[in-house]
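Worksheet: the structure to be examined is printed underneath.
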There are 2 protein chains.
Amino acid sequence: MLINVPETVVADGLRGMAAAHPELTVDVENRLVLRRDAPVAGKVGLVSGGGSGHEPLHAGFVGPGMLSAACPGEIFTSPVPDQMVKAAAAVDSGAGVLFVVKNYTGDVLNFDMAAELAEEEGVRVARVLVDDDVAVTDSTFTAGRRGTGATLFVEKIAGALADEGASLERVEAVARQVNASARSFGVALSAVTTPAKGSPTFDLPSGELELGIGIHGEPGRERRPMMTSGEIADFAVHAVLEDLRPSGPVLVLVNGMGATPLLELYGFNAEVRRVLSERGVPVARTLVGNYVTSLDMAGCSVTVCQVDEELLRLWDAPVQTPALRWGR
Amino acid sequence: MLINVPETVVADGLRGMAAAHPELTVDVENRLVLRRDAPVAGKVGLVSGGGSGHEPLHAGFVGPGMLSAACPGEIFTSPVPDQMVKAAAAVDSGAGVLFVVKNYTGDVLNFDMAAELAEEEGVRVARVLVDDDVAVTDSTFTAGRRGTGATLFVEKIAGALADEGASLERVEAVARQVNASARSFGVALSAVTTPAKGSPTFDLPSGELELGIGIHGEPGRERRPMMTSGEIADFAVHAVLEDLRPSGPVLVLVNGMGATPLLELYGFNAEVRRVLSERGVPVARTLVGNYVTSLDMAGCSVTVCQVDEELLRLWDAPVQTPALRWGR
């Protein structure tokens, strides 16, 4: 691992973000990454966060058109309510704050507590839970479905709407719509190694893969001998479409877990597109890359999100963050 | 690996790029990725290429403000002259074409032959050789220094200048200036596995690292027991500054080799910034991420490029490619 000591991995990463991104406010001591222009007058603030190790999620999505602030926790560990309360206070212009919370028990509890504390300080807070992973219900760190790739769609689309000056109620409603319209399925080709442990956190023999893996290496549906990219796409897209039956165009995220080469992710995208085409699902936009990762895990996930004209317009709206940038 | 069969990895990747990027022309059969608006009237065309396995380099850098075309070869294997000639013909508006060539013997020979053939077809061709890697001279596939991270700076800055309508002579001169002003040094924390071999191409025991690695896993300067991120930054930046003594501000690329988590790359950037600061080198811009990769190799490289006001202006100019986007 390219680290100093496990204890400083998150702080070191934030110091490096601060050096690379003068357009952001990076508060290393308080573990906060903020839009430099926060709070933006009259606009809803969008705050997310979660365990570190999934970069660029969430800090890499802070900036105009997406998140107002991100709260990074320790590796695979929820941030604490104090970070979230500070973030809410820093980004609230009086229009209120939406918390985007991936469905892991620690995150849910801490964001709930932070919402209460922030409300006591006079900040109006709404919350959207992201739970898009169809692989399993009730996992290692989760009651219900896990939150994974759809987080990117929720943060991008709700962020664009917030930047247009929509009300907190409207931003919350659209964030919920995006989550309800999105499903994901992930696959691991290798285990993940955390800095603290220094060795793989689970055992996945070479030549096998785990279907339905979580972004912390939580168990999925089953182990199998290695499958081809096409077979994995068949399995993953069918799992997604068992649960979501899109009646119109979709956004597709072909996401790398961290260690799978971009060339292979593009190859996987060709297979995902083939399966969607066979199932009659039109694709409006596709994003391929490492966006919701699990440190050095090899593997991928696919997220499909049905969109109407309004959601597609918000997806296409300009965004200026370290990891997603277009328009303007 | 997330592949179908080793023989189709490059074609599968191109099919997936075509599906994800309708704004590009992807010719899977001829192995070409082109700006959709090529040739652009009155403007110099910029063509690069090289072995696949380094994505997003080069195809991910095709678009307004950067490359006009990329020619992907097989994994770690030079593209053939026929691809380069076709690319030159497709992007030449009459203003000529600049070939950006990383210094590997196969690439150099093939781009030279392609330049001759293209000239015979009436295309004016100039060539810039990128040889920024200070780790070793005369390596496995190279006479002289290897071309690595500086390629990104050359392609971005020369691409911006070409888009402004500068002459072929001027674009070539600035491309040479960028290469002459840039130095790189890379480190491997694990070996690389190619699809054809299916197992690591060299032996790097866990707990050791290789200082001065090439982007195909070519040997570097020495093996050592694992070092901290700070120690690696000291070694790499000192190696770069032994050869380049910047008298003004620099661009910094902290590049991942493929499998090193983004969080760790940001942490490494903090250490790189510390060392540059200790050496009195002011940093104008920093880019952190996986840009010039070596499939699934863990590790990183640092590239430093001295810039004057004009080069910095061209670096900041708008760019719209799959992997680099800002402005406009």
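Ligands are numbered from 1 in the order shown, residues from 1 within each chain, and chains are lettered A, B, ... in the order they appear in the structure tokens.
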
Could you pull out all residues of stretch 80-163 of chain A with a DSSP call of helix (DSSP H, G or I) and give them as a ChimeraX atom specification? /A:81-91,105-120,150-163

Only residues of chain B matter here; which ones have an atom within 7 Å of chain A, counting only C-alpha atoms? Give them as a ChimeraX atom specification. /B:2-4,9,12-13,15-17,19-20,53,55-56,228-230,258-264,266-270,286-287,295-296,325-328

Just the selected residues (C-alpha atoms), exported as an mmCIF file, in the first residue's frame, please.
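again.cif, freshly written:
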```
data_model
loop_
_atom_site.group_PDB
_atom_site.id
_atom_site.type_symbol
_atom_site.label_atom_id
_atom_site.label_comp_id
_atom_site.auth_asym_id
_atom_site.auth_seq_id
_atom_site.Cartn_x
_atom_site.Cartn_y
_atom_site.Cartn_z
ATOM 1 C CA LEU B 2 -12.929 -8.959 -16.529
ATOM 2 C CA ILE B 3 -12.576 -10.144 -20.119
ATOM 3 C CA ASN B 4 -14.084 -12.497 -22.650
ATOM 4 C CA VAL B 9 -9.741 -7.413 -25.160
ATOM 5 C CA ASP B 12 -14.172 -5.269 -26.799
ATOM 6 C CA GLY B 13 -12.809 -2.143 -25.139
ATOM 7 C CA ARG B 15 -16.877 -1.395 -28.693
ATOM 8 C CA GLY B 16 -17.525 -0.284 -25.130
ATOM 9 C CA MET B 17 -15.952 3.118 -25.808
ATOM 10 C CA ALA B 19 -21.245 2.755 -26.757
ATOM 11 C CA ALA B 20 -20.245 5.161 -23.971
ATOM 12 C CA GLY B 53 -3.242 -1.348 -21.352
ATOM 13 C CA GLU B 55 -5.961 3.613 -20.482
ATOM 14 C CA PRO B 56 -7.229 6.300 -20.461
ATOM 15 C CA THR B 228 6.256 4.799 3.291
ATOM 16 C CA SER B 229 4.413 7.156 0.983
ATOM 17 C CA GLY B 230 6.623 9.971 2.289
ATOM 18 C CA GLY B 258 -4.032 1.224 -12.140
ATOM 19 C CA ALA B 259 -4.694 -0.635 -8.898
ATOM 20 C CA THR B 260 -3.665 1.892 -6.263
ATOM 21 C CA PRO B 261 -6.693 3.481 -4.564
ATOM 22 C CA LEU B 262 -7.384 7.152 -5.287
ATOM 23 C CA LEU B 263 -7.302 7.871 -1.540
ATOM 24 C CA GLU B 264 -3.686 6.672 -1.448
ATOM 25 C CA TYR B 266 -4.104 11.831 -2.835
ATOM 26 C CA GLY B 267 -2.080 10.946 0.260
ATOM 27 C CA PHE B 268 0.984 10.543 -1.965
ATOM 28 C CA ASN B 269 0.247 13.938 -3.500
ATOM 29 C CA ALA B 270 0.457 15.487 -0.032
ATOM 30 C CA THR B 286 -1.914 19.405 -9.833
ATOM 31 C CA LEU B 287 -3.689 16.457 -11.405
ATOM 32 C CA LEU B 295 -3.330 -2.544 -16.436
ATOM 33 C CA ASP B 296 -3.717 -3.821 -12.855
ATOM 34 C CA ARG B 325 -12.601 17.737 -19.170
ATOM 35 C CA TRP B 326 -12.753 21.279 -18.035
ATOM 36 C CA GLY B 327 -13.850 24.700 -19.112
ATOM 37 C CA ARG B 328 -16.390 25.657 -21.763
#
```

Which parts of stretch 181-308 of chain A does DSSP call strand (DSSP E) when run on the backbone here, written out as a PyMOL selection string? chain A and resi 182-188+208-211+222-225+250-256+283-289+299-306

Pick out the residues sitting within 7 Å of A:Lys156, and hand them over as a PyMOL selection string; count only C-alpha atoms, and ignore anything fewer than 2 positions along from it in its own chain. chain A and resi 65-66+152-154+158-160+315

Mind dumping the selected residues with N, CA and C atoms as a PDB file, in the first residue's frame?
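In the end it all went to selection.pdb:
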```pdb
ATOM      1  N   GLY A  65     -22.959  22.144  -8.932  1.00  0.00           N
ATOM      2  CA  GLY A  65     -23.747  21.172  -9.669  1.00  0.00           C
ATOM      3  C   GLY A  65     -23.844  19.811  -9.015  1.00  0.00           C
ATOM      4  N   MET A  66     -23.191  19.637  -7.853  1.00  0.00           N
ATOM      5  CA  MET A  66     -23.279  18.326  -7.204  1.00  0.00           C
ATOM      6  C   MET A  66     -23.312  18.540  -5.687  1.00  0.00           C
ATOM      7  N   LEU A 152     -24.211   8.085  -6.901  1.00  0.00           N
ATOM      8  CA  LEU A 152     -23.671   9.046  -7.864  1.00  0.00           C
ATOM      9  C   LEU A 152     -24.815   9.720  -8.630  1.00  0.00           C
ATOM     10  N   PHE A 153     -25.807   8.943  -9.038  1.00  0.00           N
ATOM     11  CA  PHE A 153     -26.934   9.532  -9.772  1.00  0.00           C
ATOM     12  C   PHE A 153     -27.742  10.473  -8.870  1.00  0.00           C
ATOM     13  N   VAL A 154     -27.971  10.050  -7.623  1.00  0.00           N
ATOM     14  CA  VAL A 154     -28.729  10.894  -6.686  1.00  0.00           C
ATOM     15  C   VAL A 154     -27.985  12.208  -6.452  1.00  0.00           C
ATOM     16  N   ALA A 158     -29.777  15.542  -7.906  1.00  0.00           N
ATOM     17  CA  ALA A 158     -30.272  16.423  -6.843  1.00  0.00           C
ATOM     18  C   ALA A 158     -29.400  17.672  -6.741  1.00  0.00           C
ATOM     19  N   GLY A 159     -28.103  17.513  -6.971  1.00  0.00           N
ATOM     20  CA  GLY A 159     -27.192  18.662  -6.921  1.00  0.00           C
ATOM     21  C   GLY A 159     -27.502  19.671  -8.007  1.00  0.00           C
ATOM     22  N   ALA A 160     -27.811  19.183  -9.207  1.00  0.00           N
ATOM     23  CA  ALA A 160     -28.165  20.100 -10.290  1.00  0.00           C
ATOM     24  C   ALA A 160     -29.448  20.852  -9.964  1.00  0.00           C
ATOM     25  N   TRP A 315     -29.258  15.503 -15.262  1.00  0.00           N
ATOM     26  CA  TRP A 315     -28.015  14.739 -15.421  1.00  0.00           C
ATOM     27  C   TRP A 315     -27.053  15.480 -16.345  1.00  0.00           C
TER      28      TRP A 315
END
```

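Among the candidates B:Val33, B:Pro225, B:Met84, B:Asp92, the residue lying nearest to B:Asp112 is B:Met84 (atoms considered: only C-alpha atoms).
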
Selection: 10 Å around A:Ser167, only C-alpha atoms, excl. self and same-chain fewer than 2 positions, as number ranges by chain: A: 42-44, 95-97, 161-162, 164-165, 169-173

Those selected residues, please, written with N, CA and C atoms and delivered as a PDB file, in the first residue's frame.
```pdb
ATOM      1  N   GLY A  42     -29.812  31.303  -1.030  1.00  0.00           N
ATOM      2  CA  GLY A  42     -31.096  30.878  -1.575  1.00  0.00           C
ATOM      3  C   GLY A  42     -31.144  29.442  -2.049  1.00  0.00           C
ATOM      4  N   LYS A  43     -30.012  28.708  -1.934  1.00  0.00           N
ATOM      5  CA  LYS A  43     -29.997  27.356  -2.490  1.00  0.00           C
ATOM      6  C   LYS A  43     -29.860  26.290  -1.413  1.00  0.00           C
ATOM      7  N   VAL A  44     -30.538  25.170  -1.655  1.00  0.00           N
ATOM      8  CA  VAL A  44     -30.474  24.027  -0.743  1.00  0.00           C
ATOM      9  C   VAL A  44     -29.052  23.475  -0.729  1.00  0.00           C
ATOM     10  N   ALA A  95     -32.080  27.871   3.172  1.00  0.00           N
ATOM     11  CA  ALA A  95     -33.000  27.098   2.318  1.00  0.00           C
ATOM     12  C   ALA A  95     -33.063  25.635   2.736  1.00  0.00           C
ATOM     13  N   GLY A  96     -32.247  25.246   3.712  1.00  0.00           N
ATOM     14  CA  GLY A  96     -32.279  23.872   4.188  1.00  0.00           C
ATOM     15  C   GLY A  96     -31.197  23.001   3.571  1.00  0.00           C
ATOM     16  N   VAL A  97     -31.077  21.804   4.119  1.00  0.00           N
ATOM     17  CA  VAL A  97     -30.007  20.882   3.733  1.00  0.00           C
ATOM     18  C   VAL A  97     -30.581  19.488   3.520  1.00  0.00           C
ATOM     19  N   LEU A 161     -30.409  20.131  -9.378  1.00  0.00           N
ATOM     20  CA  LEU A 161     -31.693  20.756  -9.036  1.00  0.00           C
ATOM     21  C   LEU A 161     -31.511  21.790  -7.922  1.00  0.00           C
ATOM     22  N   ALA A 162     -30.705  21.449  -6.933  1.00  0.00           N
ATOM     23  CA  ALA A 162     -30.441  22.402  -5.845  1.00  0.00           C
ATOM     24  C   ALA A 162     -29.789  23.664  -6.402  1.00  0.00           C
ATOM     25  N   GLU A 164     -30.250  24.985  -9.176  1.00  0.00           N
ATOM     26  CA  GLU A 164     -31.236  25.796  -9.900  1.00  0.00           C
ATOM     27  C   GLU A 164     -32.133  26.569  -8.941  1.00  0.00           C
ATOM     28  N   GLY A 165     -31.993  26.310  -7.635  1.00  0.00           N
ATOM     29  CA  GLY A 165     -32.778  27.052  -6.651  1.00  0.00           C
ATOM     30  C   GLY A 165     -34.074  26.385  -6.241  1.00  0.00           C
ATOM     31  N   GLU A 169     -38.067  20.602  -0.336  1.00  0.00           N
ATOM     32  CA  GLU A 169     -39.053  19.537  -0.566  1.00  0.00           C
ATOM     33  C   GLU A 169     -38.895  18.956  -1.969  1.00  0.00           C
ATOM     34  N   ARG A 170     -38.659  19.855  -2.935  1.00  0.00           N
ATOM     35  CA  ARG A 170     -38.538  19.401  -4.321  1.00  0.00           C
ATOM     36  C   ARG A 170     -37.222  18.620  -4.524  1.00  0.00           C
ATOM     37  N   VAL A 171     -36.131  19.119  -3.957  1.00  0.00           N
ATOM     38  CA  VAL A 171     -34.844  18.416  -4.097  1.00  0.00           C
ATOM     39  C   VAL A 171     -34.935  17.032  -3.451  1.00  0.00           C
ATOM     40  N   GLU A 172     -35.564  16.974  -2.278  1.00  0.00           N
ATOM     41  CA  GLU A 172     -35.722  15.689  -1.597  1.00  0.00           C
ATOM     42  C   GLU A 172     -36.569  14.729  -2.445  1.00  0.00           C
ATOM     43  N   ALA A 173     -37.666  15.239  -3.004  1.00  0.00           N
ATOM     44  CA  ALA A 173     -38.571  14.384  -3.786  1.00  0.00           C
ATOM     45  C   ALA A 173     -37.851  13.817  -5.008  1.00  0.00           C
TER      46      ALA A 173
END
```

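Of the listed residues (A:Lys197, A:Arg36, A:His238, A:His216), A:His238 comes nearest to A:Val302; the distances count only C-alpha atoms.
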
At a cut-off of 10 Å, using only C-alpha atoms, what residues contact B:Gly45? Leave out same-chain residues fewer than 4 positions from it and give the result as number ranges by chain. B: 38-41, 66-69, 87-99, 125, 159, 162-163, 168, 171

State, in Å with one decimal place, the distance from atom CA of A:Glu309 to atom CA of A:Ala70. 28.3 Å

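Among the candidates A:Leu24, A:Cys71, A:Ala59, A:Val275, the residue lying nearest to A:Gln83 is A:Cys71 (atoms considered: only C-alpha atoms).
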
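Checking A:Ala175, A:Val134, A:Ala143, A:Val85 one by one against A:Glu121, counting only C-alpha atoms, you find the shortest gap at A:Val85.
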